[in-house]
file entry-v4.cif (mmCIF, C-alpha atoms)
data_model
#
loop_
_atom_site.label_atom_id
_atom_site.label_comp_id
_atom_site.auth_asym_id
_atom_site.auth_seq_id
_atom_site.Cartn_x
_atom_site.Cartn_y
_atom_site.Cartn_z
CA MET A 1413 0.00 0.00 0.00
CA THR A 1414 1.35 3.42 -0.94
CA SER A 1415 1.78 6.27 1.54
CA ILE A 1416 -0.98 8.11 -0.32
CA GLN A 1417 -3.43 5.26 0.10
CA ARG A 1418 -2.50 4.81 3.76
CA PHE A 1419 -3.22 8.50 4.36
CA LEU A 1420 -6.55 8.30 2.53
CA ASP A 1421 -7.58 5.17 4.40
CA ARG A 1422 -6.57 6.60 7.77
CA LEU A 1423 -8.85 9.62 7.30
CA GLY A 1424 -11.52 7.98 5.19
CA LEU A 1425 -10.92 10.22 2.18
CA ARG A 1426 -11.57 9.49 -1.46
CA PHE A 1427 -9.08 12.01 -2.83
CA PRO A 1428 -5.75 13.41 -1.52
CA ILE A 1429 -7.21 16.92 -1.58
CA ILE A 1430 -7.43 19.22 1.43
CA GLN A 1431 -9.16 22.59 1.39
CA ALA A 1432 -6.92 24.92 3.36
CA PRO A 1433 -8.29 26.47 6.54
CA MET A 1434 -8.58 30.17 5.71
CA ALA A 1435 -9.67 32.49 8.50
CA GLY A 1436 -12.42 34.77 7.25
CA VAL A 1437 -12.94 32.70 4.08
CA SER A 1438 -13.59 29.10 5.14
CA THR A 1439 -17.18 28.36 6.08
CA PRO A 1440 -19.11 25.32 7.30
CA ARG A 1441 -20.80 25.12 3.89
CA MET A 1442 -17.47 25.00 2.08
CA ALA A 1443 -15.83 22.55 4.46
CA ALA A 1444 -18.85 20.24 4.28
CA ALA A 1445 -19.02 20.42 0.48
CA VAL A 1446 -15.36 19.49 0.15
CA SER A 1447 -15.67 16.64 2.62
CA ASN A 1448 -18.87 15.34 1.01
CA ALA A 1449 -17.05 15.31 -2.35
CA GLY A 1450 -14.32 13.06 -0.95
CA GLY A 1451 -11.67 15.57 0.10
CA LEU A 1452 -10.95 17.04 3.52
CA GLY A 1453 -12.75 20.29 4.25
CA SER A 1454 -11.34 22.68 6.84
CA LEU A 1455 -12.47 25.35 9.27
CA ALA A 1456 -10.24 28.08 10.72
CA ILE A 1457 -11.27 29.02 14.25
CA GLY A 1458 -8.22 31.07 15.26
CA SER A 1459 -9.82 34.42 14.44
CA GLY A 1460 -12.96 33.93 16.50
CA THR A 1461 -14.22 33.16 19.98
CA VAL A 1462 -14.70 29.72 21.46
CA ALA A 1463 -18.48 30.16 21.12
CA GLN A 1464 -18.08 30.99 17.43
CA ALA A 1465 -15.83 27.96 17.00
CA ARG A 1466 -18.46 25.70 18.55
CA GLN A 1467 -21.10 27.09 16.22
CA MET A 1468 -18.92 26.55 13.13
CA ILE A 1469 -18.09 22.97 14.07
CA GLU A 1470 -21.71 22.13 14.87
CA GLU A 1471 -22.93 23.73 11.63
CA THR A 1472 -20.43 21.68 9.65
CA ARG A 1473 -21.47 18.51 11.45
CA ALA A 1474 -25.08 19.21 10.45
CA LEU A 1475 -24.02 19.33 6.78
CA THR A 1476 -21.70 16.32 6.57
CA ASP A 1477 -20.96 13.07 8.34
CA ARG A 1478 -17.53 13.00 6.71
CA PRO A 1479 -14.21 13.98 8.38
CA PHE A 1480 -13.16 17.62 8.42
CA ASN A 1481 -10.27 19.63 9.84
CA VAL A 1482 -10.33 22.35 12.51
CA ASN A 1483 -7.33 24.69 12.48
CA VAL A 1484 -5.97 26.70 15.41
CA PHE A 1485 -3.31 29.43 15.66
CA CYS A 1486 -0.37 28.63 17.96
CA HIS A 1487 1.43 31.96 17.84
CA ALA A 1488 3.25 33.55 20.75
CA PRO A 1489 1.22 36.33 22.39
CA ALA A 1490 1.94 39.77 20.97
CA VAL A 1491 4.85 41.74 22.33
CA ARG A 1492 3.20 45.02 23.17
CA ASP A 1493 5.35 48.08 22.48
CA ALA A 1494 3.59 51.41 22.96
CA ARG A 1495 6.16 53.39 21.00
CA ARG A 1496 6.17 50.98 18.07
CA GLU A 1497 2.38 50.90 17.95
CA ALA A 1498 2.14 54.70 18.14
CA ALA A 1499 4.66 55.07 15.31
CA TRP A 1500 2.68 52.62 13.18
CA LEU A 1501 -0.58 54.44 13.81
CA ALA A 1502 1.07 57.77 13.00
CA HIS A 1503 2.29 56.28 9.71
CA LEU A 1504 -1.25 55.16 8.84
CA ALA A 1505 -2.87 58.42 9.94
CA PRO A 1506 -2.93 59.98 6.42
CA LEU A 1507 -4.87 56.97 5.12
CA PHE A 1508 -7.47 57.29 7.88
CA ALA A 1509 -7.65 61.03 7.17
CA GLU A 1510 -8.35 60.33 3.48
CA LEU A 1511 -11.41 58.42 4.61
CA GLY A 1512 -12.55 61.19 6.91
CA ALA A 1513 -11.68 59.38 10.11
CA ALA A 1514 -9.33 59.93 12.99
CA VAL A 1515 -6.58 57.40 13.48
CA PRO A 1516 -7.25 54.98 16.38
CA THR A 1517 -5.64 55.97 19.66
CA GLU A 1518 -4.81 52.37 20.60
CA LEU A 1519 -4.85 48.88 19.15
CA ASP A 1520 -6.15 45.55 20.44
CA GLU A 1521 -4.73 42.04 20.31
CA ILE A 1522 -7.66 40.80 18.26
CA TYR A 1523 -6.73 37.11 17.81
CA GLN A 1524 -6.23 34.98 20.90
CA THR A 1525 -3.63 32.26 20.54
CA PHE A 1526 -4.53 28.61 21.17
CA LEU A 1527 -1.52 28.44 23.50
CA GLY A 1528 -2.87 28.56 27.02
CA ASN A 1529 -6.48 28.78 25.83
CA GLU A 1530 -7.95 26.01 27.95
CA ALA A 1531 -11.51 26.71 26.79
CA ALA A 1532 -10.58 26.15 23.13
CA PHE A 1533 -8.65 23.00 24.03
CA ALA A 1534 -11.59 21.67 26.03
CA LEU A 1535 -13.92 22.40 23.11
CA LEU A 1536 -11.83 20.28 20.75
CA LEU A 1537 -11.73 17.40 23.23
CA GLU A 1538 -15.49 17.67 23.68
CA LEU A 1539 -16.49 17.87 20.01
CA ARG A 1540 -13.66 15.69 18.69
CA PRO A 1541 -13.38 16.75 15.05
CA ALA A 1542 -11.65 14.12 12.95
CA VAL A 1543 -8.64 16.36 12.33
CA VAL A 1544 -7.06 19.28 14.20
CA SER A 1545 -4.25 21.29 12.62
CA PHE A 1546 -1.79 23.79 14.08
CA HIS A 1547 -0.38 26.93 12.44
CA PHE A 1548 2.45 29.22 13.63
CA GLY A 1549 3.77 26.60 16.06
CA LEU A 1550 2.66 23.82 18.36
CA PRO A 1551 0.70 23.42 21.60
CA THR A 1552 2.21 21.38 24.42
CA ARG A 1553 3.11 17.73 23.92
CA GLN A 1554 0.55 16.87 26.58
CA GLN A 1555 -2.20 18.60 24.58
CA ILE A 1556 -1.13 16.87 21.36
CA ALA A 1557 -1.14 13.53 23.15
CA ALA A 1558 -4.59 14.23 24.62
CA LEU A 1559 -6.00 15.10 21.19
CA ARG A 1560 -4.57 11.94 19.69
CA GLN A 1561 -5.84 9.89 22.64
CA ALA A 1562 -9.29 11.28 21.82
CA GLY A 1563 -8.97 9.81 18.31
CA ILE A 1564 -8.16 13.12 16.63
CA TYR A 1565 -5.63 13.11 13.77
CA THR A 1566 -3.22 16.03 14.04
CA LEU A 1567 -1.43 18.14 11.42
CA ALA A 1568 1.06 21.00 11.80
CA THR A 1569 2.58 23.45 9.32
CA ALA A 1570 6.32 23.48 8.69
CA THR A 1571 8.21 25.86 6.43
CA ASN A 1572 11.65 24.31 6.99
CA LEU A 1573 13.48 21.22 8.24
CA HIS A 1574 13.84 22.47 11.81
CA GLU A 1575 10.12 23.07 12.24
CA ALA A 1576 9.37 19.67 10.71
CA ALA A 1577 11.72 18.01 13.21
CA LEU A 1578 9.95 19.76 16.09
CA ILE A 1579 6.58 18.61 14.73
CA GLU A 1580 7.72 15.00 14.49
CA ALA A 1581 9.30 15.04 17.95
CA ALA A 1582 6.07 16.46 19.44
CA GLY A 1583 4.06 13.47 18.26
CA VAL A 1584 1.98 15.15 15.55
CA ASP A 1585 0.62 12.75 12.91
CA ALA A 1586 1.47 14.59 9.67
CA ILE A 1587 3.30 17.66 8.36
CA VAL A 1588 1.85 20.38 6.15
CA ALA A 1589 4.86 21.42 4.07
CA GLN A 1590 4.15 25.07 3.25
CA GLY A 1591 6.16 26.57 0.43
CA VAL A 1592 6.80 30.25 -0.10
CA GLU A 1593 4.29 30.28 -2.98
CA ALA A 1594 1.38 29.86 -0.54
CA GLY A 1595 -1.20 32.57 -0.01
CA GLY A 1596 -2.02 33.86 3.44
CA HIS A 1597 0.21 33.68 6.48
CA ARG A 1598 3.47 31.79 6.52
CA GLY A 1599 3.38 29.24 9.28
CA VAL A 1600 6.85 30.01 10.61
CA PHE A 1601 7.26 29.22 14.31
CA ASP A 1602 9.60 32.16 14.99
CA PRO A 1603 9.05 35.27 12.85
CA GLN A 1604 12.45 36.62 13.96
CA ALA A 1605 14.40 33.58 12.75
CA PRO A 1606 16.02 33.49 9.29
CA ASP A 1607 13.57 32.26 6.65
CA GLU A 1608 14.97 30.44 3.62
CA ARG A 1609 11.56 30.84 1.91
CA LEU A 1610 11.78 27.38 0.41
CA SER A 1611 9.50 26.50 -2.48
CA THR A 1612 6.92 23.78 -2.01
CA GLY A 1613 8.84 21.41 -4.30
CA VAL A 1614 12.20 21.91 -2.60
CA LEU A 1615 10.67 21.59 0.88
CA LEU A 1616 8.93 18.36 -0.09
CA ARG A 1617 12.12 16.80 -1.43
CA LEU A 1618 14.10 17.85 1.64
CA LEU A 1619 11.50 16.43 3.99
CA ALA A 1620 10.80 13.25 2.02
CA GLY A 1621 14.22 11.87 2.91
CA ARG A 1622 14.18 12.99 6.54
CA THR A 1623 10.81 12.06 8.03
CA ALA A 1624 8.53 9.08 8.07
CA LEU A 1625 5.47 11.26 8.64
CA PRO A 1626 2.98 11.86 5.82
CA LEU A 1627 3.63 15.13 4.00
CA ILE A 1628 0.89 17.46 2.78
CA ALA A 1629 2.03 19.87 0.07
CA ALA A 1630 0.82 23.46 0.39
CA GLY A 1631 1.68 26.45 -1.76
CA GLY A 1632 0.98 27.36 -5.37
CA ILE A 1633 -1.16 24.29 -6.12
CA MET A 1634 -4.25 25.22 -8.12
CA ASP A 1635 -5.18 22.25 -10.31
CA GLY A 1636 -5.03 18.49 -10.57
CA GLN A 1637 -1.77 18.60 -12.48
CA GLY A 1638 -0.21 20.48 -9.57
CA ILE A 1639 -1.55 17.94 -7.10
CA ARG A 1640 -0.11 15.08 -9.16
CA ALA A 1641 3.29 16.80 -9.27
CA ALA A 1642 3.25 17.23 -5.49
CA LEU A 1643 2.42 13.55 -5.02
CA ASP A 1644 5.30 12.63 -7.33
CA LEU A 1645 7.62 14.71 -5.13
CA GLY A 1646 6.68 12.72 -2.03
CA ALA A 1647 3.45 14.24 -0.71
CA ALA A 1648 0.60 12.06 0.54
CA ALA A 1649 -1.90 14.83 -0.20
CA ALA A 1650 -2.11 18.46 -1.31
CA GLN A 1651 -3.67 21.42 0.49
CA LEU A 1652 -5.21 24.16 -1.67
CA GLY A 1653 -6.41 27.51 -0.39
CA THR A 1654 -6.51 30.17 -3.11
CA ALA A 1655 -8.15 27.64 -5.43
CA PHE A 1656 -11.26 27.64 -3.18
CA VAL A 1657 -11.63 31.40 -2.59
CA LEU A 1658 -13.93 31.91 -5.60
CA CYS A 1659 -16.27 29.08 -4.59
CA PRO A 1660 -19.76 30.41 -3.81
CA GLU A 1661 -19.54 28.68 -0.40
CA SER A 1662 -16.57 30.83 0.66
CA ALA A 1663 -17.01 33.98 2.75
CA ALA A 1664 -14.74 36.05 0.49
CA SER A 1665 -16.15 39.52 -0.17
CA ALA A 1666 -17.18 40.71 -3.60
CA ARG A 1667 -14.12 42.99 -3.68
CA TYR A 1668 -11.82 40.09 -2.76
CA ARG A 1669 -13.35 37.98 -5.53
CA ALA A 1670 -13.00 40.82 -8.03
CA ALA A 1671 -9.32 41.28 -7.14
CA LEU A 1672 -8.69 37.56 -7.59
CA GLN A 1673 -10.34 37.64 -11.02
CA SER A 1674 -8.47 40.74 -12.17
CA GLU A 1675 -5.05 41.20 -13.72
CA ARG A 1676 -3.80 42.22 -10.29
CA ALA A 1677 -3.95 38.58 -9.18
CA ALA A 1678 -0.69 38.02 -11.07
CA SER A 1679 1.12 40.27 -8.57
CA THR A 1680 1.33 38.88 -5.04
CA ARG A 1681 3.79 39.74 -2.31
CA LEU A 1682 4.81 38.58 1.13
CA THR A 1683 4.17 41.43 3.53
CA ALA A 1684 3.96 41.91 7.29
CA THR A 1685 2.21 45.25 6.98
CA PHE A 1686 -1.35 43.97 7.35
CA SER A 1687 -1.01 41.79 10.41
CA GLY A 1688 2.52 42.02 11.76
CA ARG A 1689 3.44 38.61 10.32
CA LEU A 1690 4.50 37.72 6.80
CA ALA A 1691 1.57 36.75 4.60
CA ARG A 1692 1.16 36.61 0.82
CA GLY A 1693 -1.56 38.69 -0.76
CA ILE A 1694 -2.45 40.61 -3.90
CA VAL A 1695 -0.47 43.84 -4.05
CA ASN A 1696 -2.60 46.92 -3.46
CA ARG A 1697 -2.27 50.50 -2.29
CA PHE A 1698 -2.08 49.59 1.38
CA ILE A 1699 0.93 47.32 0.85
CA GLU A 1700 2.70 49.85 -1.34
CA TYR A 1701 2.06 52.68 1.14
CA ALA A 1702 2.98 50.66 4.22
CA GLU A 1703 6.20 49.35 2.64
CA ALA A 1704 7.36 52.66 1.18
CA PRO A 1705 10.96 53.62 2.02
CA GLY A 1706 11.23 55.07 5.48
CA SER A 1707 8.13 53.31 6.80
CA PRO A 1708 8.34 52.16 10.43
CA PRO A 1709 7.91 48.47 11.27
CA PRO A 1710 4.30 47.43 11.85
CA ALA A 1711 3.03 46.58 15.30
CA ASP A 1712 3.44 42.99 16.39
CA TYR A 1713 1.03 40.23 15.27
CA PRO A 1714 -1.93 40.33 15.60
CA VAL A 1715 -2.03 43.91 16.93
CA ALA A 1716 -1.17 45.40 13.54
CA TYR A 1717 -4.14 43.54 12.07
CA ASP A 1718 -6.49 45.61 14.22
CA ALA A 1719 -5.34 48.80 12.47
CA ALA A 1720 -5.55 47.30 8.99
CA LYS A 1721 -9.00 45.85 9.58
CA ARG A 1722 -10.33 49.16 10.89
CA LEU A 1723 -8.92 50.99 7.88
CA ASN A 1724 -10.40 48.47 5.45
CA ALA A 1725 -13.81 48.65 7.15
CA LEU A 1726 -13.83 52.43 6.69
CA ALA A 1727 -12.70 52.15 3.07
CA SER A 1728 -15.37 49.55 2.32
CA GLN A 1729 -18.06 51.99 3.40
CA HIS A 1730 -16.83 54.24 0.56
CA GLY A 1731 -16.68 51.38 -1.96
CA ASN A 1732 -12.88 51.45 -1.76
CA SER A 1733 -11.11 48.08 -1.90
CA ALA A 1734 -7.53 49.42 -1.94
CA PHE A 1735 -6.87 48.55 1.69
CA GLY A 1736 -8.16 44.97 1.95
CA ALA A 1737 -6.01 41.96 2.79
CA HIS A 1738 -6.74 39.84 -0.26
CA TRP A 1739 -4.66 36.79 0.55
CA ALA A 1740 -3.63 34.76 -2.49
CA GLY A 1741 -0.81 32.45 -3.54
CA GLN A 1742 1.41 32.79 -6.58
CA GLY A 1743 -0.95 30.54 -8.55
CA ALA A 1744 -3.79 33.04 -8.11
CA PRO A 1745 -4.33 33.68 -11.87
CA LEU A 1746 -5.36 30.01 -12.14
CA ALA A 1747 -8.30 30.42 -9.75
CA ARG A 1748 -11.64 29.16 -11.06
CA GLU A 1749 -15.16 30.10 -10.07
CA MET A 1750 -17.15 26.95 -9.33
CA GLY A 1751 -18.82 25.19 -6.44
CA ALA A 1752 -16.57 23.55 -3.88
CA GLU A 1753 -17.84 20.03 -4.64
CA GLU A 1754 -17.51 20.65 -8.38
CA LEU A 1755 -13.97 21.90 -7.88
CA VAL A 1756 -12.90 18.84 -5.88
CA LEU A 1757 -14.25 16.54 -8.59
CA ALA A 1758 -12.57 18.62 -11.32
CA LEU A 1759 -9.26 18.44 -9.46
CA ALA A 1760 -9.62 14.68 -9.13
CA ARG A 1761 -10.27 14.28 -12.85
CA GLU A 1762 -7.28 16.43 -13.75
CA MET A 1763 -5.09 14.53 -11.31
CA ALA A 1764 -6.01 11.22 -12.94
CA ALA A 1765 -5.71 12.40 -16.55
#
call {"tool": "encode", "arguments": {"input": "entry-v4.cif", "output": "structure tokens"}}
result
Amino acid sequence: MTSIQRFLDRLGLRFPIIQAPMAGVSTPRMAAAVSNAGGLGSLAIGSGTVAQARQMIEETRALTDRPFNVNVFCHAPAVRDARREAAWLAHLAPLFAELGAAVPTELDEIYQTFLGNEAAFALLLELRPAVVSFHFGLPTRQQIAALRQAGIYTLATATNLHEAALIEAAGVDAIVAQGVEAGGHRGVFDPQAPDERLSTGVLLRLLAGRTALPLIAAGGIMDGQGIRAALDLGAAAAQLGTAFVLCPESAASARYRAALQSERAASTRLTATFSGRLARGIVNRFIEYAEAPGSPPPADYPVAYDAAKRLNALASQHGNSAFGAHWAGQGAPLAREMGAEELVLALAREMAA
């Protein structure tokens, strides 16, 4: 039996296709549609409350009896620096002024980390989703062991060999190998550490000879041909995010969808200016302004995100989409508009062709 088939059998999947957990985009409808089609749908609960997470999981359960993934953020709490935050707000003040608003006087740490969040941990043990995945790091070994003891399959994102070794040593079941092509936030454990920014293909080949854990390729994969290539490089499955943004089941805004369908989708960039952590999105005025020469460093993650989200909310009231975080990978021009189930089946056909 191949490693691919073992992975599929372990999770009860028909296809080695995982819909990436995308905070603000993934929905119960999308996760359920992907799972019902034979892939693994995913929810991202890191940007919401425990009550919201419960609702999302229960809604998904009402729509499918198939396995799905629940993703949590394992980032270190923000390092609050009043001077740094004030300098960042002062830098953004002209943009707020353009929109007829005063710049905020302070920022909030809007996303609570899973680390130390006993209520979120208890929720996962209570509801027992088939899969739980970790991004930005790992919880304690005791928590990982407890999740596995509860019958939950665990995944964690690695962007390099060191992170993969930590994941394996912690007892996680499989590694999501995230290449630099991927849209959204890089899953680096330590944002201050050097980042080789390895491609998905290089990372897969490096890991294939160094770990016995199943590898899930993530980054730049948009079609069945890309999935097949990833499997040939040693992956047991592929995780696609940008490919699902245009699905009607996603929560992407009309402006986000329009950006992804425009010529601008061919220009993506890794930037920390939106959230305080590197993430790949479609280049727009906010990125260009916030990265202009002489710009101060953004506030720490996720504090900086509070400023960017407030600015985008104001702009949206004026029909202005120049300040939105439209996360997308380098394969964004290949995005297709179709239902999530239809997309999974199309990917499977292309993979087998």
call {"tool": "atom_distance", "arguments": {"input": "entry-v4.cif", "atom1": "atom CA of A:Asn1448", "atom2": "atom CA of A:Thr1476"}}
result
6.3 Å
call {"tool": "resolve_selection", "arguments": {"input": "entry-v4.cif", "expression": "the PyMOL selection byres ((chain A and resi 1449) around 9)", "output": "list of chain:residue names"}}
result
A:Arg1426, A:Phe1427, A:Ala1444, A:Ala1445, A:Val1446, A:Ser1447, A:Asn1448, A:Gly1450, A:Gly1451, A:Leu1452, A:Ala1752, A:Glu1753, A:Glu1754, A:Val1756, A:Leu1757
call {"tool": "resolve_selection", "arguments": {"input": "entry-v4.cif", "expression": "the PyMOL selection byres ((chain A and resi 1590) around 6)", "output": "mmCIF file with C-alpha atoms, in the coordinates of the input"}}
result
data_model
loop_
_atom_site.group_PDB
_atom_site.id
_atom_site.type_symbol
_atom_site.label_atom_id
_atom_site.label_comp_id
_atom_site.auth_asym_id
_atom_site.auth_seq_id
_atom_site.Cartn_x
_atom_site.Cartn_y
_atom_site.Cartn_z
ATOM 1 C CA THR A 1571 8.210 25.860 6.430
ATOM 2 C CA VAL A 1588 1.850 20.380 6.150
ATOM 3 C CA ALA A 1589 4.860 21.420 4.070
ATOM 4 C CA GLY A 1591 6.160 26.570 0.430
ATOM 5 C CA ALA A 1630 0.820 23.460 0.390
ATOM 6 C CA GLY A 1631 1.680 26.450 -1.760
#
call {"tool": "resolve_selection", "arguments": {"input": "entry-v4.cif", "expression": "the PyMOL selection byres ((chain A and resi 1620-1623) around 9)", "output": "PDB file with C-alpha atoms, keeping the file's coordinate frame"}}
result
ATOM      1  CA  LEU A1573      13.480  21.220   8.240  1.00  0.00           C
ATOM      2  CA  ALA A1576       9.370  19.670  10.710  1.00  0.00           C
ATOM      3  CA  ALA A1577      11.720  18.010  13.210  1.00  0.00           C
ATOM      4  CA  GLU A1580       7.720  15.000  14.490  1.00  0.00           C
ATOM      5  CA  LEU A1615      10.670  21.590   0.880  1.00  0.00           C
ATOM      6  CA  LEU A1616       8.930  18.360  -0.090  1.00  0.00           C
ATOM      7  CA  ARG A1617      12.120  16.800  -1.430  1.00  0.00           C
ATOM      8  CA  LEU A1618      14.100  17.850   1.640  1.00  0.00           C
ATOM      9  CA  LEU A1619      11.500  16.430   3.990  1.00  0.00           C
ATOM     10  CA  ALA A1624       8.530   9.080   8.070  1.00  0.00           C
ATOM     11  CA  LEU A1625       5.470  11.260   8.640  1.00  0.00           C
ATOM     12  CA  PRO A1626       2.980  11.860   5.820  1.00  0.00           C
ATOM     13  CA  LEU A1627       3.630  15.130   4.000  1.00  0.00           C
ATOM     14  CA  LEU A1645       7.620  14.710  -5.130  1.00  0.00           C
ATOM     15  CA  GLY A1646       6.680  12.720  -2.030  1.00  0.00           C
ATOM     16  CA  ALA A1647       3.450  14.240  -0.710  1.00  0.00           C
TER      17      ALA A1647
END
call {"tool": "atom_distance", "arguments": {"input": "entry-v4.cif", "atom1": "atom CA of A:Asp1585", "atom2": "atom CA of A:Ala1570"}}
result
12.9 Å
call {"tool": "closest_residue", "arguments": {"input": "entry-v4.cif", "among": "A:Arg1676, A:Ile1639, A:Phe1656, A:Phe1686", "to": "A:Ala1764", "atoms": "all atoms listed in the file"}}
result
A:Ile1639
call {"tool": "residues_around", "arguments": {"input": "entry-v4.cif", "residues": "A:Gly1599", "least_positions_apart": "6", "cutoff": "6 Å", "atoms": "all atoms listed in the file", "output": "MDAnalysis selection string"}}
result
chainID A and resid 1547:1548 1569
call {"tool": "residues_near_point", "arguments": {"input": "entry-v4.cif", "point": "(3.4, 31.4, -3.6)", "cutoff": "8 Å", "atoms": "only C-alpha atoms", "output": "PDB file with C-alpha atoms, keeping the file's coordinate frame"}}
result
ATOM      1  CA  GLY A1591       6.160  26.570   0.430  1.00  0.00           C
ATOM      2  CA  VAL A1592       6.800  30.250  -0.100  1.00  0.00           C
ATOM      3  CA  GLU A1593       4.290  30.280  -2.980  1.00  0.00           C
ATOM      4  CA  ALA A1594       1.380  29.860  -0.540  1.00  0.00           C
ATOM      5  CA  GLY A1595      -1.200  32.570  -0.010  1.00  0.00           C
ATOM      6  CA  SER A1611       9.500  26.500  -2.480  1.00  0.00           C
ATOM      7  CA  GLY A1631       1.680  26.450  -1.760  1.00  0.00           C
ATOM      8  CA  GLY A1632       0.980  27.360  -5.370  1.00  0.00           C
ATOM      9  CA  THR A1680       1.330  38.880  -5.040  1.00  0.00           C
ATOM     10  CA  ARG A1692       1.160  36.610   0.820  1.00  0.00           C
ATOM     11  CA  ALA A1740      -3.630  34.760  -2.490  1.00  0.00           C
ATOM     12  CA  GLY A1741      -0.810  32.450  -3.540  1.00  0.00           C
ATOM     13  CA  GLN A1742       1.410  32.790  -6.580  1.00  0.00           C
ATOM     14  CA  GLY A1743      -0.950  30.540  -8.550  1.00  0.00           C
TER      15      GLY A1743
END
call {"tool": "atom_distance", "arguments": {"input": "entry-v4.cif", "atom1": "atom CA of A:Val1584", "atom2": "atom CA of A:Tyr1565"}}
result
8.1 Å
call {"tool": "closest_residue", "arguments": {"input": "entry-v4.cif", "among": "A:His1503, A:Arg1689, A:His1730, A:Arg1748", "to": "A:Pro1705", "atoms": "only C-alpha atoms"}}
result
A:His1503
call {"tool": "closest_residue", "arguments": {"input": "entry-v4.cif", "among": "A:Leu1501, A:Thr1461, A:Ala1456, A:Ile1430", "to": "A:Pro1479", "atoms": "only C-alpha atoms"}}
result
A:Ile1430
call {"tool": "residues_around", "arguments": {"input": "entry-v4.cif", "residues": "A:Asn1696", "least_positions_apart": "5", "cutoff": "9 Å", "atoms": "only C-alpha atoms", "output": "VMD selection string"}}
result
chain A and resid 1676 1701 1733 to 1738
call {"tool": "write_last_selection", "arguments": {"input": "entry-v4.cif", "atoms": "C-alpha atoms", "output": "PDB file, in the coordinates of the input"}}
result
ATOM      1  CA  ARG A1676      -3.800  42.220 -10.290  1.00  0.00           C
ATOM      2  CA  TYR A1701       2.060  52.680   1.140  1.00  0.00           C
ATOM      3  CA  SER A1733     -11.110  48.080  -1.900  1.00  0.00           C
ATOM      4  CA  ALA A1734      -7.530  49.420  -1.940  1.00  0.00           C
ATOM      5  CA  PHE A1735      -6.870  48.550   1.690  1.00  0.00           C
ATOM      6  CA  GLY A1736      -8.160  44.970   1.950  1.00  0.00           C
ATOM      7  CA  ALA A1737      -6.010  41.960   2.790  1.00  0.00           C
ATOM      8  CA  HIS A1738      -6.740  39.840  -0.260  1.00  0.00           C
TER       9      HIS A1738
END
call {"tool": "residues_around", "arguments": {"input": "entry-v4.cif", "residues": "stretch 1658-1666 of chain A", "least_positions_apart": "4", "cutoff": "9 Å", "atoms": "only C-alpha atoms", "output": "VMD selection string"}}
result
chain A and resid 1436 to 1443 1445 1654 1670 to 1673 1738 1747 to 1752 1755
call {"tool": "residues_around", "arguments": {"input": "entry-v4.cif", "residues": "stretch 1532-1543 of chain A", "least_positions_apart": "4", "cutoff": "10 Å", "atoms": "only C-alpha atoms", "output": "PyMOL selection string"}}
result
chain A and resi 1423-1424+1452-1454+1457-1458+1461-1463+1465-1466+1469-1470+1473+1478-1484+1525-1528+1551+1555+1558-1567+1585
call {"tool": "residues_around", "arguments": {"input": "entry-v4.cif", "residues": "A:Pro1710", "least_positions_apart": "6", "cutoff": "6 Å", "atoms": "all atoms listed in the file", "output": "list of chain:residue names"}}
result
A:Trp1500, A:Thr1685, A:Gly1688
